[in-house]
Number of protein chains: 2
Amino acid sequence: MDFSQGVPEPTLRRLPTYCHFLRRLAQDGADVVSCRQIGDALHLDPTQIRKDLAYAGMAGRPKVGYPVPELLAGVENFLGWNNTQQAILVGAGSLGTALLGYKAMDRNGVRIVAAFDTSPDKTFQAIHQVKVLPMRKLVDLVGRMQIHVGILTVPAESAQTVCDLMVQAGIRAIWNFAPVALKVPDTVIVQNENLFSSLAVLSSRLQSTFQPRTLPEEDPS
Amino acid sequence: MDFSQGVPEPTLRRLPTYCHFLRRLAQDGADVVSCRQIGDALHLDPTQIRKDLAYAGMAGRPKVGYPVPELLAGVENFLGWNNTQQAILVGAGSLGTALLGYKAMDRNGVRIVAAFDTSPDKTFQAIHQVKVLPMRKLVDLVGRMQIHVGILTVPAESAQTVCDLMVQAGIRAIWNFAPVALKVPDTVIVQNENLFSSLAVLSSRLQSTFQPRTLPEEDPS
DNA sequence: TTTTTCTCGATAAAAATTTCTCGATTGGCA
DNA sequence: TGCCAATCGAGAAATTTTTATCGAGAAAAA
């Protein structure tokens with residue numbers, strides 16, 4: 001397996017799906033699982049799954065498959081989900097609030113320890129048991145608690161400003177929900193998440209079922 | 001340009017980003033824009049942008065670029081954002097609530113006209129001006145209002161059941177936030193959105209900056 | 001024990017996507 | 001007018017990702 005280029009992003013994106021499925025399998029008490037089974041359940045090609053798992057360093061046994069507990073632990077470990085990263089969230093709007101409410105976050109490698117917002121209505125309140133603090137506390141808290149992950153759920157206009165603040169505070173990785181290309185030093189990782197990208201794929205596909213985009217064979221002019 | 005295979009998904013995912021940028025340009029009163037400019041702003045390759053725009057059927061002029069208003073209108077039209085689809089949302093949890101609060105949804109081709117939830121605490125309330133109804137009203141409302149888009153923000157356990165209900169009601173496209181591979185007839189479009197996929201890429205990358213995954217050159221045993 | 005069947009692992013082929021190259025077109029400027 | 005610089009558009013090349021093929025290993029069945 002070629003690791004020189006790092007693990008492909010599509011592989012990384014599929015691994016959490018496997019985790020979720022494996023957790024359920026483990027709960028049901030399954031000992032082993034084959035790529036075929038995973039593929040059937042997840043509508044994916046077994047070969048691809050085998051390759052993804054190989055990237056994560058997992059090996060199986062012919063005719064048997066992979067031992068479920070080891071596989072789950074291995075993939076979670078590979079994704080860094082066993083030593084949970086502490087994170088801060090900036091922007092306690094509706095999306096920010098939703099993320100604060102996600103209990104599952106803990107089991108997915110990230111724990112939000114504090115939120116920040118500019119609105120005085122929100123600061124010093126708690127949302128889903130997480131305290132919301134004013135922005136001026138950010139740099140100090142991040143530095144003191146050695147936090148590496150920042151979640152950015154502010155409007156597009158303020159995204160770069162907040163991003164700069166995060167970088168200044170020592171944040172190493174930013175999960176960015178603002179539809180903006182952030183400028184950061186190349187020591188900082190930015191992972192963009194744009195919900196509307198996904199929605200665009202949907203509505204574009206839906207539209208083309210109504211009026212298929214056909215290319216004229218010959219120009220009939 | 002080859003349309004026989006349809007528009008590539010990566011292209012579709014980038015188009016909304018262009019829209020967002022173009023809207024700001026249009027507000028600032030820019031007449032024309034070149035791929036270079038867009039690329040600089042969005043950290044993308046100009047050639048790729050040119051190709052994406054060509055897929056959307058847009059043409060520019062050498063030395064000048066693309067006229068901003070036409071380009072914006074053209075891309076929005078291509079994405080089906082000018083004739084907004086009505087949608088229902090099922091699962092008024094924290095994520096569902098966040099989506100209901102997204103004012104921007106309207107400008108992105110989808111308007112949520114009703115929400116559904118099993119919890120009696122939530123039904124017949126309104127969240128962000130959208131009424132929450134009990135599940136039993138779903139089939140009738142979808143049929144009566146000729147709604148084609150369903151947004152699925154329920155827990156994994158109930159996702160397939162709700163999905164079946166949507167399909168039965170006549171939904172043609174499902175935006176699925178549950179980490180489950182839904183089974184649907186192949187006339188129905190499913191667009192999966194898994195926030196944790198994105199988070200996994202982030203945490204995996206972050207982890208490898210701490211302890212790079214190196215492949216041993218030679219086995220030193 | 002031998003055969004059959006299933007699954008992994010590695011390699012190769014195919015497909016999709018991104019990046020590069022180059023000629024053509026257009027506006028600005030001397 | 002004629003040259004220069006910028007940009008598009010199309011095709012080629014390179015890269016990445018997915019899918020297919022095949023041999024080997026291991027359990028189950030004969």
# chains A, B, ... in the order shown; residues from 1 in each chain; ligands from 1
$ select_by_dssp --residues "stretch 73-106 of chain A" --states "strand (DSSP E or B)" --output "ChimeraX atom specification"
/A:85-90
$ closest_atom_pairs --of "chain D" --to "chain B" --cutoff "8 Å" --atoms "only C-alpha atoms (C1' of nucleotides)" --output "Markdown table"
| residue | atom | partner | partner_atom | distance |
| --- | --- | --- | --- | --- |
| D:DA6 | C1' | B:Lys63 | CA | 4.8 |
| D:DT7 | C1' | B:Lys63 | CA | 4.2 |
| D:DC8 | C1' | B:Pro62 | CA | 4.6 |
$ write_last_selection --atoms "all heavy atoms" --output "short mmCIF file (atom, residue, chain, number, x, y, z; two decimals), in the first residue's frame"
data_model
loop_
_atom_site.label_atom_id
_atom_site.label_comp_id
_atom_site.auth_asym_id
_atom_site.auth_seq_id
_atom_site.Cartn_x
_atom_site.Cartn_y
_atom_site.Cartn_z
P DA D 6 -0.23 40.78 -18.77
OP1 DA D 6 -0.12 41.53 -17.50
OP2 DA D 6 0.64 39.63 -19.05
"O5'" DA D 6 -1.74 40.30 -18.91
"C5'" DA D 6 -2.78 41.27 -18.97
"C4'" DA D 6 -4.06 40.59 -19.38
"O4'" DA D 6 -3.95 40.18 -20.77
"C3'" DA D 6 -4.37 39.33 -18.58
"O3'" DA D 6 -5.70 39.44 -18.10
"C2'" DA D 6 -4.22 38.18 -19.58
"C1'" DA D 6 -4.47 38.87 -20.91
N9 DA D 6 -3.77 38.27 -22.05
C8 DA D 6 -2.45 37.97 -22.16
N7 DA D 6 -2.11 37.46 -23.32
C5 DA D 6 -3.31 37.42 -24.02
C6 DA D 6 -3.64 36.99 -25.32
N6 DA D 6 -2.74 36.48 -26.18
N1 DA D 6 -4.93 37.09 -25.71
C2 DA D 6 -5.82 37.60 -24.85
N3 DA D 6 -5.63 38.04 -23.61
C4 DA D 6 -4.34 37.92 -23.26
P DT D 7 -6.28 38.41 -17.03
OP1 DT D 7 -7.21 39.14 -16.16
OP2 DT D 7 -5.16 37.60 -16.49
"O5'" DT D 7 -7.11 37.43 -17.97
"C5'" DT D 7 -8.26 37.94 -18.65
"C4'" DT D 7 -8.73 36.90 -19.62
"O4'" DT D 7 -7.72 36.70 -20.64
"C3'" DT D 7 -8.97 35.53 -19.02
"O3'" DT D 7 -10.36 35.26 -19.04
"C2'" DT D 7 -8.21 34.56 -19.90
"C1'" DT D 7 -7.89 35.40 -21.13
N1 DT D 7 -6.66 34.98 -21.83
C2 DT D 7 -6.76 34.64 -23.16
O2 DT D 7 -7.81 34.67 -23.76
N3 DT D 7 -5.57 34.25 -23.75
C4 DT D 7 -4.33 34.18 -23.15
O4 DT D 7 -3.35 33.82 -23.79
C5 DT D 7 -4.29 34.56 -21.77
C7 DT D 7 -2.99 34.50 -21.03
C6 DT D 7 -5.44 34.93 -21.18
P DC D 8 -10.94 33.91 -18.38
OP1 DC D 8 -12.04 34.32 -17.51
OP2 DC D 8 -9.85 33.08 -17.86
"O5'" DC D 8 -11.56 33.20 -19.66
"C5'" DC D 8 -12.35 33.96 -20.57
"C4'" DC D 8 -12.34 33.29 -21.93
"O4'" DC D 8 -11.00 33.22 -22.44
"C3'" DC D 8 -12.89 31.87 -21.92
"O3'" DC D 8 -13.93 31.76 -22.88
"C2'" DC D 8 -11.69 30.99 -22.25
"C1'" DC D 8 -10.76 31.95 -22.98
N1 DC D 8 -9.31 31.63 -22.79
C2 DC D 8 -8.52 31.26 -23.90
O2 DC D 8 -9.05 31.15 -25.01
N3 DC D 8 -7.20 31.00 -23.71
C4 DC D 8 -6.66 31.13 -22.50
N4 DC D 8 -5.35 30.88 -22.37
C5 DC D 8 -7.44 31.51 -21.36
C6 DC D 8 -8.74 31.75 -21.55
#
$ atom_distance --atom1 "atom CA of A:Leu99" --atom2 "atom CA of A:Arg172"
19.7 Å
$ closest_atom_pairs --of "chain C" --to "chain B" --cutoff "10 Å" --atoms "only C-alpha atoms (C1' of nucleotides)" --output "Markdown table"
| residue | atom | partner | partner_atom | distance |
| --- | --- | --- | --- | --- |
| C:DA16 | C1' | B:Pro8 | CA | 8.5 |
| C:DT17 | C1' | B:Pro10 | CA | 8.4 |
| C:DT18 | C1' | B:Gln48 | CA | 7.4 |
| C:DT19 | C1' | B:Thr47 | CA | 7.9 |
| C:DC20 | C1' | B:Thr47 | CA | 9.4 |
| C:DA24 | C1' | B:Pro62 | CA | 9.0 |
| C:DT25 | C1' | B:Pro62 | CA | 5.8 |
| C:DT26 | C1' | B:Pro62 | CA | 5.7 |
| C:DG27 | C1' | B:Lys63 | CA | 6.7 |
$ interface_residues --of "chain B" --to "chain A" --cutoff "8 Å" --atoms "only C-alpha atoms" --output "PyMOL selection string"
chain B and resi 3-4+6+9+12-17+20+41-43+78-80+94-95+97-99+101-102+108-109+172-175+179-181+189-193+195-207+213-215
$ residues_around --residues "stretch 1-3 of chain D" --least-positions-apart "5" --cutoff "12 Å" --atoms "only C-alpha atoms (C1' of nucleotides)" --output "PyMOL selection string"
chain C and resi 28-30
$ write_last_selection --atoms "N, CA and C atoms (P, O5', C5', C4', C3', O3' and C1' of nucleotides)" --output "tab-separated table (two decimals), in the first residue's frame"
chain	number	residue	atom	x	y	z
C	28	DG	P	-10.36	48.28	-23.67
C	28	DG	O5'	-8.77	48.42	-23.62
C	28	DG	C5'	-8.05	47.79	-22.55
C	28	DG	C4'	-6.57	48.06	-22.70
C	28	DG	C3'	-6.21	49.54	-22.83
C	28	DG	O3'	-5.04	49.80	-22.06
C	28	DG	C1'	-5.41	48.35	-24.71
C	29	DC	P	-4.55	51.26	-21.87
C	29	DC	O5'	-3.34	51.33	-22.91
C	29	DC	C5'	-2.31	50.34	-22.86
C	29	DC	C4'	-1.26	50.66	-23.92
C	29	DC	C3'	-1.01	52.15	-24.13
C	29	DC	O3'	0.38	52.38	-24.28
C	29	DC	C1'	-1.59	51.16	-26.17
C	30	DA	P	0.98	53.82	-24.23
C	30	DA	O5'	1.96	53.83	-25.49
C	30	DA	C5'	2.98	52.82	-25.58
C	30	DA	C4'	3.38	52.62	-27.03
C	30	DA	C3'	3.94	53.88	-27.70
C	30	DA	O3'	5.06	53.53	-28.47
C	30	DA	C1'	2.08	53.10	-28.94
$ select_by_dssp --residues "stretch 68-115 of chain B" --states "alpha helix (DSSP H)" --output "ChimeraX atom specification"
/B:68-78,94-101
$ write_last_selection --atoms "N, CA, C and O atoms" --output "PDB file, in the first residue's frame"
ATOM      1  N   VAL B  68     -20.438  39.575 -14.929  1.00  0.00           N
ATOM      2  CA  VAL B  68     -20.853  39.087 -13.615  1.00  0.00           C
ATOM      3  C   VAL B  68     -22.354  38.784 -13.517  1.00  0.00           C
ATOM      4  O   VAL B  68     -22.724  37.698 -13.077  1.00  0.00           O
ATOM      5  N   PRO B  69     -23.229  39.724 -13.922  1.00  0.00           N
ATOM      6  CA  PRO B  69     -24.661  39.436 -13.729  1.00  0.00           C
ATOM      7  C   PRO B  69     -25.121  38.207 -14.502  1.00  0.00           C
ATOM      8  O   PRO B  69     -25.811  37.337 -13.951  1.00  0.00           O
ATOM      9  N   GLU B  70     -24.696  38.111 -15.761  1.00  0.00           N
ATOM     10  CA  GLU B  70     -25.079  36.961 -16.571  1.00  0.00           C
ATOM     11  C   GLU B  70     -24.531  35.665 -15.980  1.00  0.00           C
ATOM     12  O   GLU B  70     -25.224  34.650 -15.924  1.00  0.00           O
ATOM     13  N   LEU B  71     -23.286  35.730 -15.552  1.00  0.00           N
ATOM     14  CA  LEU B  71     -22.657  34.528 -15.012  1.00  0.00           C
ATOM     15  C   LEU B  71     -23.406  34.047 -13.770  1.00  0.00           C
ATOM     16  O   LEU B  71     -23.752  32.859 -13.650  1.00  0.00           O
ATOM     17  N   LEU B  72     -23.674  34.971 -12.875  1.00  0.00           N
ATOM     18  CA  LEU B  72     -24.392  34.618 -11.652  1.00  0.00           C
ATOM     19  C   LEU B  72     -25.764  34.036 -11.976  1.00  0.00           C
ATOM     20  O   LEU B  72     -26.135  32.958 -11.498  1.00  0.00           O
ATOM     21  N   ALA B  73     -26.488  34.750 -12.821  1.00  0.00           N
ATOM     22  CA  ALA B  73     -27.830  34.275 -13.183  1.00  0.00           C
ATOM     23  C   ALA B  73     -27.752  32.906 -13.839  1.00  0.00           C
ATOM     24  O   ALA B  73     -28.557  32.014 -13.555  1.00  0.00           O
ATOM     25  N   GLY B  74     -26.768  32.743 -14.707  1.00  0.00           N
ATOM     26  CA  GLY B  74     -26.624  31.485 -15.422  1.00  0.00           C
ATOM     27  C   GLY B  74     -26.339  30.325 -14.489  1.00  0.00           C
ATOM     28  O   GLY B  74     -26.954  29.258 -14.610  1.00  0.00           O
ATOM     29  N   VAL B  75     -25.434  30.512 -13.571  1.00  0.00           N
ATOM     30  CA  VAL B  75     -25.078  29.433 -12.657  1.00  0.00           C
ATOM     31  C   VAL B  75     -26.254  29.120 -11.725  1.00  0.00           C
ATOM     32  O   VAL B  75     -26.585  27.959 -11.493  1.00  0.00           O
ATOM     33  N   GLU B  76     -26.884  30.175 -11.213  1.00  0.00           N
ATOM     34  CA  GLU B  76     -28.053  29.954 -10.356  1.00  0.00           C
ATOM     35  C   GLU B  76     -29.134  29.183 -11.110  1.00  0.00           C
ATOM     36  O   GLU B  76     -29.750  28.273 -10.575  1.00  0.00           O
ATOM     37  N   ASN B  77     -29.341  29.578 -12.326  1.00  0.00           N
ATOM     38  CA  ASN B  77     -30.333  28.901 -13.150  1.00  0.00           C
ATOM     39  C   ASN B  77     -29.963  27.437 -13.358  1.00  0.00           C
ATOM     40  O   ASN B  77     -30.788  26.539 -13.242  1.00  0.00           O
ATOM     41  N   PHE B  78     -28.686  27.221 -13.639  1.00  0.00           N
ATOM     42  CA  PHE B  78     -28.207  25.861 -13.853  1.00  0.00           C
ATOM     43  C   PHE B  78     -28.452  24.988 -12.627  1.00  0.00           C
ATOM     44  O   PHE B  78     -28.813  23.813 -12.742  1.00  0.00           O
ATOM     45  N   SER B  94     -31.764  19.108  17.122  1.00  0.00           N
ATOM     46  CA  SER B  94     -30.942  20.320  17.062  1.00  0.00           C
ATOM     47  C   SER B  94     -30.509  20.636  15.635  1.00  0.00           C
ATOM     48  O   SER B  94     -30.536  21.790  15.210  1.00  0.00           O
ATOM     49  N   LEU B  95     -30.150  19.591  14.880  1.00  0.00           N
ATOM     50  CA  LEU B  95     -29.745  19.854  13.502  1.00  0.00           C
ATOM     51  C   LEU B  95     -30.923  20.321  12.663  1.00  0.00           C
ATOM     52  O   LEU B  95     -30.817  21.295  11.910  1.00  0.00           O
ATOM     53  N   GLY B  96     -32.045  19.639  12.811  1.00  0.00           N
ATOM     54  CA  GLY B  96     -33.243  20.048  12.088  1.00  0.00           C
ATOM     55  C   GLY B  96     -33.605  21.489  12.382  1.00  0.00           C
ATOM     56  O   GLY B  96     -33.897  22.278  11.474  1.00  0.00           O
ATOM     57  N   THR B  97     -33.556  21.847  13.642  1.00  0.00           N
ATOM     58  CA  THR B  97     -33.863  23.221  14.031  1.00  0.00           C
ATOM     59  C   THR B  97     -32.911  24.200  13.363  1.00  0.00           C
ATOM     60  O   THR B  97     -33.318  25.266  12.885  1.00  0.00           O
ATOM     61  N   ALA B  98     -31.642  23.828  13.324  1.00  0.00           N
ATOM     62  CA  ALA B  98     -30.653  24.705  12.688  1.00  0.00           C
ATOM     63  C   ALA B  98     -30.994  24.924  11.220  1.00  0.00           C
ATOM     64  O   ALA B  98     -30.953  26.055  10.720  1.00  0.00           O
ATOM     65  N   LEU B  99     -31.368  23.856  10.536  1.00  0.00           N
ATOM     66  CA  LEU B  99     -31.697  23.996   9.116  1.00  0.00           C
ATOM     67  C   LEU B  99     -32.943  24.856   8.929  1.00  0.00           C
ATOM     68  O   LEU B  99     -33.026  25.661   7.996  1.00  0.00           O
ATOM     69  N   LEU B 100     -33.909  24.692   9.839  1.00  0.00           N
ATOM     70  CA  LEU B 100     -35.109  25.516   9.761  1.00  0.00           C
ATOM     71  C   LEU B 100     -34.755  26.998   9.935  1.00  0.00           C
ATOM     72  O   LEU B 100     -35.427  27.877   9.395  1.00  0.00           O
ATOM     73  N   GLY B 101     -33.700  27.250  10.669  1.00  0.00           N
ATOM     74  CA  GLY B 101     -33.308  28.631  10.928  1.00  0.00           C
ATOM     75  C   GLY B 101     -32.469  29.256   9.832  1.00  0.00           C
ATOM     76  O   GLY B 101     -32.221  30.458   9.835  1.00  0.00           O
TER      77      GLY B 101
END
$ residues_around --residues "A:Ala159" --least-positions-apart "4" --cutoff "10 Å" --atoms "only C-alpha atoms (C1' of nucleotides)" --output "ChimeraX atom specification"
/A:90-91,152-155,163-165,176-182
$ residues_around --residues "A:Ile147" --least-positions-apart "4" --cutoff "9 Å" --atoms "only C-alpha atoms (C1' of nucleotides)" --output "list of chain:residue names"
A:Gln85, A:Gln86, A:Ala87, A:Ile88, A:Leu141, A:Val142, A:Gly143, A:Gly170, A:Ile171, A:Arg172
$ atom_distance --atom1 "atom CA of A:Met145" --atom2 "atom CA of A:Phe124"
18.6 Å
$ residues_around --residues "A:Pro67" --least-positions-apart "6" --cutoff "8 Å" --atoms "only C-alpha atoms (C1' of nucleotides)" --output "ChimeraX atom specification"
/A:31-33,60
